[in-house]
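Peer 1: Just one file: final.csv, with CSV, C-alpha atoms and all ligand atoms.
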```csv
chain,number,residue,atom,x,y,z
A,1,MET,CA,8.3,9.8,-7.4
A,2,ALA,CA,5.8,10.2,-4.5
A,3,GLU,CA,7.2,12.2,-1.7
A,4,SER,CA,8.7,10.3,1.3
A,5,GLY,CA,9.4,11.6,4.7
A,6,ALA,CA,6.6,14.2,4.4
A,7,ALA,CA,4.8,15.5,7.5
A,8,PRO,CA,2.0,13.2,8.8
A,9,VAL,CA,-1.3,13.9,7.2
A,10,PRO,CA,-4.5,13.6,9.3
A,11,VAL,CA,-7.7,12.7,7.6
A,12,ARG,CA,-11.1,12.8,9.3
A,13,ASP,CA,-13.1,10.4,7.1
A,14,LEU,CA,-13.1,8.5,3.8
A,15,GLU,CA,-13.7,11.6,1.8
A,16,GLU,CA,-10.5,13.2,3.2
A,17,LEU,CA,-8.7,9.8,2.7
A,18,ARG,CA,-9.8,10.0,-1.0
A,19,ALA,CA,-8.4,13.5,-1.3
A,20,PHE,CA,-5.1,12.3,0.2
A,21,ALA,CA,-5.1,9.3,-2.3
A,22,GLU,CA,-5.6,11.7,-5.2
A,23,SER,CA,-2.6,13.8,-4.4
A,24,PHE,CA,-0.6,10.6,-3.6
A,25,ALA,CA,-1.6,9.1,-6.9
A,26,ALA,CA,-0.6,12.3,-8.8
A,27,ALA,CA,2.9,12.0,-7.4
A,28,LEU,CA,3.2,8.2,-8.0
A,29,SER,CA,5.8,7.1,-10.6
A,30,PRO,CA,6.5,3.7,-12.2
A,31,GLY,CA,9.1,1.9,-10.1
A,32,ASP,CA,7.7,3.2,-6.8
A,33,ILE,CA,7.4,0.6,-4.1
A,34,TRP,CA,5.3,1.4,-1.0
A,35,LEU,CA,5.0,-0.9,2.0
A,36,LEU,CA,1.7,-0.3,3.8
A,37,ARG,CA,1.9,-0.4,7.6
A,38,GLY,CA,-1.1,-0.4,9.9
A,39,GLU,CA,-3.2,-2.8,11.9
A,40,LEU,CA,-6.1,-5.0,10.6
A,41,GLY,CA,-8.7,-2.6,9.2
A,42,ALA,CA,-6.5,0.4,9.3
A,43,GLY,CA,-7.3,1.1,5.7
A,44,LYS,CA,-4.4,-0.3,3.6
A,45,THR,CA,-6.6,-1.9,1.0
A,46,THR,CA,-8.9,1.1,1.0
A,47,LEU,CA,-6.0,3.4,0.3
A,48,VAL,CA,-4.8,1.2,-2.6
A,49,ARG,CA,-8.4,1.2,-4.0
A,50,GLU,CA,-8.6,5.0,-3.8
A,51,VAL,CA,-5.2,5.4,-5.4
A,52,CYS,CA,-6.2,3.1,-8.3
A,53,LYS,CA,-9.4,5.1,-8.8
A,54,ALA,CA,-7.5,8.3,-8.8
A,55,LEU,CA,-5.1,6.8,-11.4
A,56,GLY,CA,-8.2,6.0,-13.6
A,57,VAL,CA,-8.4,2.3,-13.0
A,58,PRO,CA,-12.0,1.1,-13.7
A,59,ALA,CA,-13.5,0.6,-10.2
A,60,THR,CA,-14.8,-2.9,-10.9
A,61,ARG,CA,-11.2,-4.1,-11.3
A,62,VAL,CA,-10.2,-3.2,-7.8
A,63,VAL,CA,-10.7,-6.1,-5.4
A,64,SER,CA,-8.9,-7.2,-2.3
A,65,PRO,CA,-5.9,-9.4,-3.0
A,66,THR,CA,-6.2,-11.2,0.4
A,67,PHE,CA,-6.8,-14.6,-1.2
A,68,THR,CA,-4.7,-14.1,-4.4
A,69,LEU,CA,-1.5,-12.6,-2.8
A,70,VAL,CA,-1.0,-10.4,-5.8
A,71,GLN,CA,-3.3,-8.4,-7.9
A,72,GLU,CA,-2.5,-6.2,-10.9
A,73,TYR,CA,-4.7,-3.2,-11.8
A,74,GLU,CA,-4.5,-1.9,-15.3
A,75,GLY,CA,-6.3,0.8,-17.3
A,76,GLY,CA,-5.0,3.7,-15.2
A,77,ARG,CA,-2.2,6.2,-15.7
A,78,LEU,CA,0.2,3.4,-14.7
A,79,PRO,CA,-0.2,-0.2,-13.7
A,80,VAL,CA,-0.5,-0.9,-10.0
A,81,VAL,CA,0.6,-4.2,-8.4
A,82,HIS,CA,-1.1,-4.8,-5.0
A,83,ILE,CA,0.4,-7.6,-2.9
A,84,ASP,CA,-1.1,-8.8,0.4
A,85,LEU,CA,1.2,-11.2,2.4
A,86,TYR,CA,-1.1,-11.4,5.4
A,87,ARG,CA,-1.9,-15.1,4.8
A,88,VAL,CA,1.7,-16.1,4.2
A,89,ASP,CA,2.9,-18.3,7.1
A,90,PRO,CA,6.1,-16.8,8.4
A,91,GLY,CA,7.2,-20.3,9.4
A,92,LYS,CA,7.1,-21.7,5.9
A,93,ALA,CA,9.3,-20.9,2.9
A,94,LEU,CA,7.8,-18.3,0.7
A,95,ASP,CA,7.8,-18.8,-3.0
A,96,THR,CA,9.9,-15.7,-3.5
A,97,LEU,CA,10.2,-15.8,-7.3
A,98,PHE,CA,7.1,-13.9,-8.1
A,99,LEU,CA,7.9,-11.3,-5.5
A,100,GLU,CA,11.4,-10.8,-6.9
A,101,GLU,CA,10.0,-10.4,-10.4
A,102,VAL,CA,7.5,-7.8,-9.2
A,103,PHE,CA,10.2,-5.8,-7.3
A,104,GLU,CA,12.3,-5.8,-10.5
A,105,ARG,CA,9.6,-4.2,-12.6
A,106,SER,CA,10.0,-0.6,-13.5
A,107,ASP,CA,6.8,-0.1,-15.3
A,108,CYS,CA,4.4,-0.1,-12.4
A,109,ALA,CA,3.8,1.1,-8.8
A,110,VAL,CA,3.8,-1.6,-6.2
A,111,PHE,CA,2.0,-1.7,-2.8
A,112,VAL,CA,2.6,-4.4,-0.2
A,113,GLU,CA,0.4,-5.1,2.8
A,114,TRP,CA,2.0,-7.1,5.6
A,115,PRO,CA,5.5,-7.1,4.1
A,116,ASP,CA,7.4,-8.5,7.1
A,117,VAL,CA,7.6,-12.0,5.7
A,118,ALA,CA,9.4,-10.7,2.6
A,119,LEU,CA,11.6,-7.9,4.1
A,120,GLY,CA,14.8,-9.5,2.7
A,121,LEU,CA,13.5,-9.2,-0.8
A,122,ILE,CA,12.4,-5.6,-0.7
A,123,PRO,CA,14.6,-3.1,-2.5
A,124,PRO,CA,16.2,-0.5,-0.2
A,125,ASP,CA,14.6,2.4,-2.1
A,126,ALA,CA,11.1,1.2,-1.1
A,127,ARG,CA,9.2,3.5,1.1
A,128,GLU,CA,6.6,3.0,3.9
A,129,LEU,CA,3.2,4.5,4.4
A,130,VAL,CA,2.0,4.1,7.9
A,131,ILE,CA,-1.8,4.3,8.6
A,132,GLU,CA,-2.7,4.9,12.2
A,133,THR,CA,-6.3,4.8,13.4
A,134,GLY,CA,-8.2,7.1,15.8
A,135,PRO,CA,-9.2,9.1,17.7
A,136,ALA,CA,-12.6,9.0,15.9
A,137,PRO,CA,-13.6,5.7,14.1
A,138,THR,CA,-13.1,7.2,10.6
A,139,ALA,CA,-10.0,9.3,11.5
A,140,ARG,CA,-6.6,8.2,10.2
A,141,LEU,CA,-3.0,9.5,10.4
A,142,LEU,CA,-0.9,8.9,7.3
A,143,THR,CA,2.8,9.0,7.6
A,144,ARG,CA,5.3,8.5,4.8
A,145,ARG,CA,8.8,7.4,5.7
A,146,PRO,CA,11.8,5.7,4.2
A,147,PHE,CA,12.0,1.9,4.3
A,148,ASN,CA,14.4,0.6,7.0
A,149,PRO,CA,16.0,-2.6,5.5
A,150,SER,CA,17.3,-3.6,8.9
A,151,GLY,CA,13.7,-4.5,9.7
A,152,VAL,CA,13.5,-2.1,12.7
A,153,THR,CA,10.5,-0.1,11.5
A,154,GLY,CA,9.5,1.5,14.7
Y,201,LIG,N1,-10.5,7.4,6.9
Y,201,LIG,C1,-10.5,6.1,6.5
Y,201,LIG,N2,-9.5,5.6,5.8
Y,201,LIG,C2,-9.5,4.3,5.4
Y,201,LIG,N3,-10.5,3.5,5.7
Y,201,LIG,C3,-11.5,3.9,6.4
Y,201,LIG,C4,-11.6,5.3,6.9
Y,201,LIG,N4,-12.7,5.5,7.5
Y,201,LIG,C5,-13.4,4.3,7.6
Y,201,LIG,N5,-12.6,3.3,6.9
Y,201,LIG,C6,-13.1,1.9,6.7
Y,201,LIG,O1,-12.1,1.1,7.4
Y,201,LIG,C7,-12.0,-0.1,6.7
Y,201,LIG,C8,-10.6,-0.4,6.3
Y,201,LIG,O2,-10.5,-1.7,5.8
Y,201,LIG,P1,-9.3,-2.1,4.9
Y,201,LIG,O3,-9.7,-3.5,4.3
Y,201,LIG,O4,-8.9,-1.1,3.9
Y,201,LIG,O5,-8.1,-2.3,6.0
Y,201,LIG,P2,-6.7,-3.0,5.8
Y,201,LIG,O6,-5.7,-2.1,6.5
Y,201,LIG,O7,-6.4,-3.3,4.4
Y,201,LIG,O8,-6.9,-4.3,6.7
Y,201,LIG,P3,-6.3,-5.8,6.5
Y,201,LIG,O9,-5.0,-5.7,7.3
Y,201,LIG,O10,-7.3,-6.7,7.2
Y,201,LIG,O11,-6.0,-6.1,5.1
Y,201,LIG,C9,-12.9,0.0,5.5
Y,201,LIG,O12,-14.2,-0.6,5.8
Y,201,LIG,C10,-13.1,1.5,5.3
Y,201,LIG,O13,-14.3,1.8,4.7
Y,202,MG,MG,-6.1,-5.2,3.4
```
Could you write out this structure as structure tokens?
Ligand SMILES: Nc1ncnc2c1ncn2[C@@H]1O[C@H](COP(=O)(O)OP(=O)(O)OP(=O)(O)O)[C@@H](O)[C@H]1O
Ligand SMILES: [Mg+2]
Peer 2:
Amino acid sequence: MAESGAAPVPVRDLEELRAFAESFAAALSPGDIWLLRGELGAGKTTLVREVCKALGVPATRVVSPTFTLVQEYEGGRLPVVHIDLYRVDPGKALDTLFLEEVFERSDCAVFVEWPDVALGLIPPDARELVIETGPAPTARLLTRRPFNPSGVTG
């Protein structure tokens, strides 16, 4: 199980982000669920891509799931399911069945971008990875913390 509640990790550029992704991937276990927090362009998809690469997923398989909602990457040390709920309208009923099925799986690691429309479905043992930008354009601060099911995520 990847560490949660660890000290924030600053990275200066994509190369350091890659190094973070490698150690993160090494600690990842089947059944882990990570909610990815951060503004547009913070690097959520990039992080998933680098984690997949570190797990040994063939690079050509890793695409953004923005238009597909859910994408599964196989061929690495463990399967990765990448969900992006950005385009889900919060005012409309979400087809929750596929999400419930993914969250019940114990064979893969799951990453969720823009999880707020599905908070009620997310198991309480999920964790959050917050990606903050700045001060330099390629600098990021990566903070792991427990999921707060009350929805107050700070
Ligand atoms: N240190 C870094 N870590 C992550 N991404 C970086 C870093 N430096 C530069 N970038 C760039 O920032 C962009 C991040 O885009 P990405 O699509 O990963 O963001 P996102 O958080 O998934 O956005 P969205 O909410 O729109 O899905 C990429 O173009 C990436 O190359
Ligand atoms: Mg993204």
Peer 1: As a quick test: using only C-alpha atoms and all ligand atoms, which residues lie no more than 9 Å away from ligand LIG 201 (chain Y)? Give them as a PyMOL selection string.
Peer 2: chain A and resi 10-18+36-49+64-66+84+86+113-114+131+133+137-141
Peer 1: With distances taken over all atoms listed in the file, which of A:Val112, A:Pro135, A:Leu55, A:Phe98 is nearest to Ala27 of chain A?
Peer 2: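 Distance minimum relative to Ala27 of chain A lands on A:Leu55.
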Peer 1: Suppose you want the space between atom CA of Asp116 of chain A and atom CA of Thr68 of chain A; what is it in Å?
Peer 2: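 Between these atoms lies a distance of 17.6 Å.
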Peer 1: Between atom CA of Pro149 of chain A and atom CA of Leu69 of chain A, what distance in Å does the model show, to one decimal?
Peer 2: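 Here the two named atoms are 21.8 Å from each other.
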Peer 1: What gap, in Å, lies between atom CA of Phe147 of chain A and atom CA of Val130 of chain A?
Peer 2: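 Those two atoms sit 10.9 Å apart.
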Peer 1: Restricting the calculation to all atoms listed in the file, which member of A:Leu35, A:Ala19, A:Pro90, A:Leu97 is positioned closest to ligand MG 202 (chain Y)?
Peer 2: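 Going through A:Leu35, A:Ala19, A:Pro90, A:Leu97 one by one, the smallest distance to ligand MG 202 (chain Y) is for A:Leu35.
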Peer 1: Show me the residues close to (5.7, -17.5, -4.7) - anything with an atom within 12 Å, counting all atoms listed in the file - and format the list as a list in words.
Peer 2: Thr68, Leu69, Val70, Ile83, Leu85, Val88, Lys92, Ala93, Leu94, Asp95, Thr96, Leu97, Phe98, Leu99, Glu100, Glu101, Val102, Val117 and Ala118 of chain A
Peer 1: My list of candidates is A:Gly75, A:Gly120, A:Pro58, A:Pro8. Which is closest to Thr143 of chain A when distances are computed with only C-alpha atoms?
Peer 2: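 For Thr143 of chain A, the nearest of the candidates is A:Pro8.
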Peer 1: At most 9 Å from (7.6, 4.7, -2.0), file frame, all atoms listed in the file: which residues, as number ranges by chain?
Peer 2: A: 1-4, 28, 31-35, 109-111, 125-129, 144-147
Peer 1: Neighbours of Pro79 of chain A within 8 Å (only C-alpha atoms; same-chain residues fewer than 5 positions away dropped), as a PyMOL selection string?
Peer 2: chain A and resi 30+72-74+107-109
Peer 1: Which residues are near Ala25 of chain A? Cut-off 9 Å, all atoms listed in the file, ignore same chain within fewer than 3 positions. Put them as a list in words.
Peer 2: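 Counting all atoms listed in the file, the residues come to Ala2, Phe20, Ala21, Glu22, Leu28, Ser29, Glu50, Val51, Cys52, Lys53, Ala54 and Leu55 of chain A.
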Peer 1: Have a look at A:Pro124, A:Gly76, A:Pro115, A:Gly56 and name the one nearest to ligand MG 202 (chain Y); count all atoms listed in the file.
Peer 2: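 Smallest separation from ligand MG 202 (chain Y) among the options: A:Pro115.
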Peer 1: My list of candidates is A:His82, A:Arg77, A:Ala59, A:Asn148. Which is closest to ligand MG 202 (chain Y) when distances are computed with all atoms listed in the file?
Peer 2: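 Using all atoms listed in the file, ligand MG 202 (chain Y) sits closest to A:His82.
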Peer 1: Please determine, counting all atoms listed in the file, which residue among A:Leu119, A:Leu142, A:Ala7, A:Arg87 has the shortest atom-to-atom distance to ligand MG 202 (chain Y).
Peer 2: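 Going through A:Leu119, A:Leu142, A:Ala7, A:Arg87 one by one, the smallest distance to ligand MG 202 (chain Y) is for A:Arg87.
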